[in-house]
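Colleague: What follows is structure_6.txt, made up of compact mmCIF, C-alpha atoms:
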```
# COMPACT_ATOMS: atom_id res chain seq x y z
CA MET A 18 -22.74 4.36 0.33
CA ASN A 19 -21.03 6.86 2.61
CA GLN A 20 -17.34 6.65 3.39
CA ALA A 21 -17.69 5.12 6.85
CA ALA A 22 -19.91 2.30 5.58
CA PHE A 23 -17.59 1.81 2.61
CA LEU A 24 -14.51 1.44 4.82
CA ASP A 25 -16.32 -1.02 7.10
CA SER A 26 -17.25 -3.07 4.04
CA VAL A 27 -13.66 -2.93 2.79
CA ASP A 28 -12.46 -4.26 6.16
CA THR A 29 -14.94 -7.13 5.97
CA LYS A 30 -13.87 -7.91 2.42
CA LEU A 31 -10.19 -7.86 3.37
CA ARG A 32 -10.70 -10.36 6.17
CA ALA A 33 -12.79 -12.60 3.91
CA VAL A 34 -10.13 -12.64 1.18
CA VAL A 35 -7.27 -13.34 3.59
CA ALA A 36 -8.86 -15.52 6.30
CA GLY A 37 -8.72 -18.92 4.61
CA HIS A 38 -5.22 -18.40 3.29
CA ALA A 39 -3.88 -17.13 6.60
CA ALA A 40 -5.02 -20.36 8.23
CA VAL A 41 -2.37 -22.17 6.18
CA LEU A 42 0.23 -20.35 8.28
CA GLY A 43 -1.73 -21.01 11.44
CA VAL A 44 -2.43 -17.32 12.07
CA SER A 45 -5.35 -14.92 11.94
CA PRO A 46 -5.63 -12.13 9.33
CA GLU A 47 -4.63 -9.66 12.06
CA GLN A 48 -1.53 -11.69 12.93
CA ILE A 49 -0.41 -11.84 9.33
CA GLY A 50 -0.48 -8.08 9.15
CA VAL A 51 -4.03 -7.11 8.23
CA ARG A 52 -4.28 -4.53 11.00
CA PHE A 53 -6.07 -1.65 9.45
CA GLY A 54 -4.50 1.77 9.66
CA LYS A 55 -5.65 4.97 8.02
CA ARG A 56 -6.91 3.11 4.93
CA VAL A 57 -5.87 6.02 2.76
CA ARG A 58 -6.08 4.08 -0.50
CA PRO A 59 -9.64 2.82 0.04
CA ARG A 60 -10.60 6.38 0.96
CA LEU A 61 -9.06 7.49 -2.33
CA VAL A 62 -11.07 4.89 -4.26
CA HIS A 63 -14.27 6.05 -2.56
CA ALA A 64 -13.53 9.70 -3.37
CA CYS A 65 -12.78 8.88 -7.01
CA ALA A 66 -15.94 6.80 -7.34
CA GLU A 67 -18.07 9.62 -6.02
CA ALA A 68 -16.33 12.16 -8.27
CA LEU A 69 -16.91 9.98 -11.33
CA GLY A 70 -20.53 9.13 -10.57
CA LEU A 71 -19.80 5.48 -9.77
CA ALA A 72 -21.69 3.80 -6.93
CA PRO A 73 -18.90 3.28 -4.35
CA GLU A 74 -20.01 -0.29 -3.57
CA THR A 75 -19.17 -1.19 -7.18
CA ALA A 76 -15.52 -0.31 -6.47
CA LEU A 77 -15.41 -2.09 -3.10
CA PRO A 78 -13.54 -5.22 -4.29
CA TRP A 79 -11.02 -2.97 -6.03
CA ALA A 80 -10.43 -0.90 -2.88
CA ALA A 81 -9.90 -4.06 -0.83
CA LEU A 82 -7.38 -5.51 -3.26
CA VAL A 83 -5.39 -2.29 -3.47
CA GLU A 84 -5.22 -2.24 0.33
CA ILE A 85 -4.11 -5.88 0.48
CA ILE A 86 -1.20 -5.11 -1.86
CA HIS A 87 -0.31 -2.13 0.33
CA VAL A 88 -0.33 -4.26 3.49
CA ALA A 89 1.81 -6.92 1.79
CA SER A 90 4.33 -4.24 0.78
CA LEU A 91 4.52 -3.05 4.40
CA ILE A 92 5.25 -6.57 5.64
CA HIS A 93 8.06 -6.93 3.12
CA ASP A 94 9.36 -3.42 3.87
CA ASP A 95 9.61 -4.32 7.56
CA VAL A 96 11.78 -7.32 6.67
CA ILE A 97 14.03 -5.18 4.47
CA ASP A 98 14.33 -2.44 7.11
CA GLY A 99 14.55 -4.74 10.14
CA ALA A 100 11.61 -2.85 11.67
CA GLU A 101 10.32 -3.72 15.12
CA LEU A 102 7.02 -1.80 15.11
CA ARG A 103 4.12 -1.46 12.73
CA ARG A 104 1.00 0.55 13.62
CA GLY A 105 1.85 0.48 17.30
CA GLN A 106 2.22 -3.31 17.42
CA PRO A 107 5.20 -5.63 16.96
CA ALA A 108 5.89 -6.06 13.26
CA LEU A 109 5.18 -9.56 11.93
CA ARG A 110 8.90 -10.14 11.36
CA ALA A 111 9.71 -9.06 14.92
CA ARG A 112 7.12 -11.42 16.36
CA ASP A 113 7.41 -14.46 14.08
CA GLY A 114 10.68 -14.01 12.19
CA ASN A 115 11.64 -12.91 8.71
CA ARG A 116 10.77 -16.22 7.05
CA ARG A 117 7.15 -16.17 8.18
CA ALA A 118 6.87 -12.47 7.37
CA VAL A 119 8.11 -12.95 3.81
CA LEU A 120 5.73 -15.88 3.31
CA GLY A 121 2.92 -13.86 4.87
CA GLY A 122 3.47 -11.00 2.45
CA ASP A 123 3.63 -13.42 -0.48
CA LEU A 124 0.42 -15.06 0.68
CA LEU A 125 -1.39 -11.71 0.74
CA VAL A 126 -0.24 -10.93 -2.80
CA SER A 127 -1.36 -14.35 -4.01
CA ALA A 128 -4.74 -13.99 -2.33
CA ALA A 129 -5.18 -10.58 -3.91
CA TRP A 130 -4.43 -11.90 -7.40
CA LEU A 131 -6.81 -14.80 -7.01
CA ALA A 132 -9.60 -12.44 -5.96
CA ALA A 133 -8.70 -10.02 -8.76
CA SER A 134 -8.94 -12.77 -11.38
CA GLN A 135 -12.42 -13.61 -10.14
CA GLU A 136 -13.88 -10.16 -9.52
CA LEU A 137 -12.19 -7.53 -11.67
CA PRO A 138 -11.83 -6.81 -15.39
CA SER A 139 -8.43 -7.73 -16.79
CA GLU A 140 -7.76 -4.08 -17.64
CA VAL A 141 -8.05 -3.12 -13.98
CA THR A 142 -5.91 -6.06 -12.85
CA ALA A 143 -3.21 -4.98 -15.30
CA ILE A 144 -3.14 -1.51 -13.71
CA LEU A 145 -2.41 -3.11 -10.34
CA ALA A 146 0.29 -5.35 -11.84
CA ARG A 147 2.08 -2.37 -13.36
CA ALA A 148 1.93 -0.55 -10.03
CA MET A 149 3.52 -3.52 -8.28
CA ILE A 150 6.35 -3.57 -10.83
CA ASP A 151 6.91 0.14 -10.19
CA MET A 152 6.89 -0.42 -6.43
CA THR A 153 9.46 -3.21 -6.61
CA THR A 154 11.68 -1.30 -9.02
CA ALA A 155 11.61 1.75 -6.75
CA GLU A 156 12.55 -0.35 -3.73
CA LEU A 157 15.57 -1.67 -5.62
CA ARG A 158 16.48 1.86 -6.72
CA GLU A 159 16.21 3.12 -3.13
CA ARG A 160 18.78 0.57 -1.97
CA GLU A 161 21.16 1.83 -4.64
CA LEU A 162 21.02 5.32 -3.09
CA LEU A 163 22.49 4.16 0.23
CA TRP A 164 25.84 5.79 0.96
CA ASN A 165 25.67 7.54 -2.40
CA PRO A 166 26.92 11.14 -2.11
CA ASP A 167 25.64 11.87 -5.61
CA ALA A 168 22.02 11.08 -4.73
CA SER A 169 19.90 14.05 -5.77
CA LEU A 170 16.39 15.35 -5.16
CA CYS A 171 15.51 13.99 -8.60
CA CYS A 172 16.64 10.51 -7.52
CA TYR A 173 14.54 10.76 -4.36
CA LEU A 174 11.45 11.84 -6.30
CA ARG A 175 11.88 8.93 -8.69
CA VAL A 176 11.96 6.54 -5.76
CA ILE A 177 8.82 7.85 -4.07
CA ASP A 178 7.04 8.03 -7.41
CA GLY A 179 7.31 4.25 -7.66
CA LYS A 180 7.42 3.32 -4.00
CA THR A 181 4.19 5.06 -2.98
CA ALA A 182 2.69 7.22 -5.70
CA ALA A 183 2.33 4.34 -8.18
CA LEU A 184 -0.23 2.58 -5.99
CA PHE A 185 -2.11 5.84 -5.37
CA ALA A 186 -2.23 6.41 -9.13
CA ALA A 187 -3.39 2.84 -9.71
CA ALA A 188 -6.16 3.18 -7.12
CA ALA A 189 -7.47 6.28 -8.87
CA GLU A 190 -7.05 5.00 -12.42
CA GLY A 191 -8.63 1.63 -11.72
CA THR A 192 -11.68 3.35 -10.28
CA ALA A 193 -11.92 5.47 -13.42
CA VAL A 194 -11.87 2.33 -15.56
CA LEU A 195 -14.64 0.78 -13.48
CA ALA A 196 -16.63 4.00 -13.94
CA GLY A 197 -16.22 3.83 -17.71
CA ALA A 198 -14.46 7.20 -17.79
CA SER A 199 -12.91 8.59 -20.95
CA THR A 200 -9.21 8.17 -21.62
CA ALA A 201 -8.60 11.85 -20.84
CA THR A 202 -10.40 11.61 -17.51
CA ARG A 203 -8.66 8.36 -16.68
CA ASN A 204 -5.24 9.88 -17.34
CA ALA A 205 -6.07 13.05 -15.40
CA ILE A 206 -7.28 11.24 -12.31
CA ALA A 207 -4.23 8.94 -12.42
CA ARG A 208 -1.94 12.00 -12.48
CA TRP A 209 -3.86 13.45 -9.53
CA GLY A 210 -3.49 10.20 -7.60
CA ARG A 211 0.23 10.10 -8.35
CA ALA A 212 0.74 13.68 -7.14
CA LEU A 213 -1.22 12.94 -3.97
CA GLY A 214 0.92 9.84 -3.38
CA CYS A 215 4.15 11.81 -3.74
CA ALA A 216 2.93 14.43 -1.27
CA TYR A 217 1.86 11.71 1.15
CA GLN A 218 5.28 10.01 1.03
CA ILE A 219 7.16 13.28 1.49
CA GLN A 220 5.09 13.96 4.61
CA ASP A 221 5.75 10.42 5.85
CA ASP A 222 9.49 10.78 5.31
CA VAL A 223 9.58 14.08 7.20
CA ARG A 224 7.61 12.49 10.03
CA ASP A 225 10.33 9.86 10.40
CA TYR A 226 12.64 12.58 11.74
CA GLU A 227 10.10 14.45 13.84
CA TRP A 228 7.83 11.93 15.55
CA THR A 229 8.52 9.49 18.35
CA PRO A 230 7.67 5.78 17.95
CA GLU A 231 4.82 6.32 20.42
CA ALA A 232 3.32 9.07 18.26
CA SER A 233 3.78 7.39 14.89
CA GLY A 234 3.17 3.75 15.88
CA ASN A 235 6.19 2.75 13.78
CA ASP A 236 9.96 2.75 14.18
CA THR A 237 11.48 6.19 13.61
CA MET A 238 14.84 7.36 12.28
CA GLN A 239 14.88 4.34 9.94
CA ASP A 240 15.65 6.53 6.95
CA LEU A 241 18.58 8.13 8.74
CA SER A 242 19.92 4.72 9.72
```
Take the structure in the file and give it back as structure tokens.

Modeller:
Amino acid sequence: MNQAAFLDSVDTKLRAVVAGHAAVLGVSPEQIGVRFGKRVRPRLVHACAEALGLAPETALPWAALVEIIHVASLIHDDVIDGAELRRGQPALRARDGNRRAVLGGDLLVSAAWLAASQELPSEVTAILARAMIDMTTAELRERELLWNPDASLCCYLRVIDGKTAALFAAAAEGTAVLAGASTATRNAIARWGRALGCAYQIQDDVRDYEWTPEASGNDTMQDLS
């Protein structure tokens, strides 16, 4: 399965996982925040599958669940940051309020875990759980850096390692597990995913100072604020 077909299938899977649960809130998957962006993490899963000799369609449920967790984290981030825009559209919190946004993010996480329990090996699910712990811990650590004159480059790198790179690493490592890769290969591809995630977040943070909201589709200067 080529990448374009894989991403289309991931989109279909995402909507299927979320649709019934979103109806509880009286919204569509798109309204709850499932508006697909660059889909970097599913692209990463596809690349890892091909590199490891795994048929990409085998990793499709995994790619969809990783992306759902990413979308949920964005919804919660927008609440924390008071963001108005997300991917060129009003953020869920800006349109429907913080309460609905928090519940929407929680609903996505719950839907992802239900699907994971039904479709993925427990070892793969555990990788995603650890990544979510790292993401949450990093978000708490980032808040501690506010107004801290002693914040260092090392502190920043620790934050982005958990905030972004952990999910990149999980996407890569989980694919390796599905492919039946050796422990050495699994660890190597996880390190590669983590390094890629750090580089991606650094670029994103720089963009916050350089791009306009029209160019980025998101609020800018949030980090400076």

Colleague: What does the structure give for the distance between CA of Tyr217 (chain A) and CA of Val176 (chain A), in Å to one decimal?

Modeller: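 One can read the CA of Tyr217 (chain A) to CA of Val176 (chain A) distance as 13.3 Å.
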
Colleague: CA of Leu213 (chain A) and CA of Glu67 (chain A), how far apart in Å?

Modeller: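 About the pair CA of Glu67 (chain A) and CA of Leu213 (chain A): they are 17.3 Å apart.
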
Colleague: Would you compute the distance between CA of Ala129 (chain A) and CA of Val27 (chain A)? Give it in Å to one decimal.

Modeller: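 If I compute the distance from CA of Ala129 (chain A) to CA of Val27 (chain A), I get 13.2 Å.
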
Colleague: Nearest residue to Ala33 (chain A) out of A:Leu163, A:Ala81, A:Leu157, A:Leu195, using all atoms listed in the file?

Modeller: A:Ala81

Colleague: I'd like the neighbourhood of Glu136 (chain A) as a VMD selection string, where a residue qualifies if any of its atoms comes within 12 Å (using all atoms listed in the file), though same-chain residues fewer than 2 positions away should be ignored.

Modeller: chain A and resid 34 75 to 82 129 to 134 138 to 142 195

Colleague: Would you mind exporting C-alpha atoms of the selected residues as a PDB file, in the coordinates of the input?

Modeller:
```pdb
ATOM      1  CA  VAL A  34     -10.130 -12.640   1.180  1.00  0.00           C
ATOM      2  CA  THR A  75     -19.170  -1.190  -7.180  1.00  0.00           C
ATOM      3  CA  ALA A  76     -15.520  -0.310  -6.470  1.00  0.00           C
ATOM      4  CA  LEU A  77     -15.410  -2.090  -3.100  1.00  0.00           C
ATOM      5  CA  PRO A  78     -13.540  -5.220  -4.290  1.00  0.00           C
ATOM      6  CA  TRP A  79     -11.020  -2.970  -6.030  1.00  0.00           C
ATOM      7  CA  ALA A  80     -10.430  -0.900  -2.880  1.00  0.00           C
ATOM      8  CA  ALA A  81      -9.900  -4.060  -0.830  1.00  0.00           C
ATOM      9  CA  LEU A  82      -7.380  -5.510  -3.260  1.00  0.00           C
ATOM     10  CA  ALA A 129      -5.180 -10.580  -3.910  1.00  0.00           C
ATOM     11  CA  TRP A 130      -4.430 -11.900  -7.400  1.00  0.00           C
ATOM     12  CA  LEU A 131      -6.810 -14.800  -7.010  1.00  0.00           C
ATOM     13  CA  ALA A 132      -9.600 -12.440  -5.960  1.00  0.00           C
ATOM     14  CA  ALA A 133      -8.700 -10.020  -8.760  1.00  0.00           C
ATOM     15  CA  SER A 134      -8.940 -12.770 -11.380  1.00  0.00           C
ATOM     16  CA  PRO A 138     -11.830  -6.810 -15.390  1.00  0.00           C
ATOM     17  CA  SER A 139      -8.430  -7.730 -16.790  1.00  0.00           C
ATOM     18  CA  GLU A 140      -7.760  -4.080 -17.640  1.00  0.00           C
ATOM     19  CA  VAL A 141      -8.050  -3.120 -13.980  1.00  0.00           C
ATOM     20  CA  THR A 142      -5.910  -6.060 -12.850  1.00  0.00           C
ATOM     21  CA  LEU A 195     -14.640   0.780 -13.480  1.00  0.00           C
TER      22      LEU A 195
END
```

Colleague: A:Ile150, A:Val119, A:Cys65, A:Ala72: which is nearest Leu91 (chain A), counting only C-alpha atoms?

Modeller: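 Ranking A:Ile150, A:Val119, A:Cys65, A:Ala72 by distance to Leu91 (chain A), first place goes to A:Val119.
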
Colleague: Out of A:Ile97, A:Val62, A:Ile144, A:Ala128, which residue has the shortest atom-to-atom distance to Val35 (chain A) when counting all atoms listed in the file?

Modeller: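 With all atoms listed in the file as the atom set, the closest residue is A:Ala128.
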
Colleague: Find, counting all atoms listed in the file, the residue in A:Ala100, A:Leu61, A:Ala66, A:Leu125 that gets nearest to Ile85 (chain A).

Modeller: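 For Ile85 (chain A), the nearest of the candidates is A:Leu125.
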
Colleague: Could you tell me which of A:His63, A:Asp123, A:Ala89, A:Arg211 comes closest to Ala22 (chain A) if we count only C-alpha atoms?

Modeller: A:His63

Colleague: Region 154-169 of chain A, all listed atoms, 5 Å padding on each side: what axis-aligned box centre and edge lengths in Å to one decimal come out, as lines of an AutoDock Vina configuration file?

Modeller:
```
center_x = 19.3
center_y = 6.2
center_z = -4.0
size_x = 25.3
size_y = 25.7
size_z = 20.0
```

Colleague: Neighbouring residues of Glu190 (chain A) were defined as those with any atom within 8 Å, considering all atoms listed in the file; residues of the same chain fewer than 6 positions away were excluded. Please report them as a short mmCIF file (atom, residue, chain, number, x, y, z; two decimals) with C-alpha atoms, in the frame of the given file.

Modeller:
```cif
data_model
loop_
_atom_site.label_atom_id
_atom_site.label_comp_id
_atom_site.auth_asym_id
_atom_site.auth_seq_id
_atom_site.Cartn_x
_atom_site.Cartn_y
_atom_site.Cartn_z
CA ILE A 144 -3.14 -1.51 -13.71
CA ARG A 203 -8.66 8.36 -16.68
CA ASN A 204 -5.24 9.88 -17.34
CA ILE A 206 -7.28 11.24 -12.31
CA ALA A 207 -4.23 8.94 -12.42
CA GLY A 210 -3.49 10.20 -7.60
#
```

Colleague: Could you pull out every residue with an atom within 10 Å of (-16.0, 2.5, 5.1), file coordinates, counting only C-alpha atoms, and send them as a short mmCIF file (atom, residue, chain, number, x, y, z; two decimals) with C-alpha atoms, keeping the file's coordinate frame?

Modeller:
```
data_model
loop_
_atom_site.label_atom_id
_atom_site.label_comp_id
_atom_site.auth_asym_id
_atom_site.auth_seq_id
_atom_site.Cartn_x
_atom_site.Cartn_y
_atom_site.Cartn_z
CA MET A 18 -22.74 4.36 0.33
CA ASN A 19 -21.03 6.86 2.61
CA GLN A 20 -17.34 6.65 3.39
CA ALA A 21 -17.69 5.12 6.85
CA ALA A 22 -19.91 2.30 5.58
CA PHE A 23 -17.59 1.81 2.61
CA LEU A 24 -14.51 1.44 4.82
CA ASP A 25 -16.32 -1.02 7.10
CA SER A 26 -17.25 -3.07 4.04
CA VAL A 27 -13.66 -2.93 2.79
CA ASP A 28 -12.46 -4.26 6.16
CA THR A 29 -14.94 -7.13 5.97
CA ARG A 56 -6.91 3.11 4.93
CA PRO A 59 -9.64 2.82 0.04
CA ARG A 60 -10.60 6.38 0.96
CA HIS A 63 -14.27 6.05 -2.56
CA PRO A 73 -18.90 3.28 -4.35
CA GLU A 74 -20.01 -0.29 -3.57
CA LEU A 77 -15.41 -2.09 -3.10
#
```

Colleague: Within 8 Å of Met149 (chain A), counting only C-alpha atoms, which residues qualify if same-chain residues fewer than 4 places away don't, as an MDAnalysis selection string?

Modeller: chainID A and resid 145 153 183:184

Colleague: So, with all atoms listed in the file as the atoms that count, which of A:Gly99, A:His93, A:Val194, A:Gly105 lies closest to Arg117 (chain A)?

Modeller: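 Selected residue with least distance to Arg117 (chain A): A:His93.
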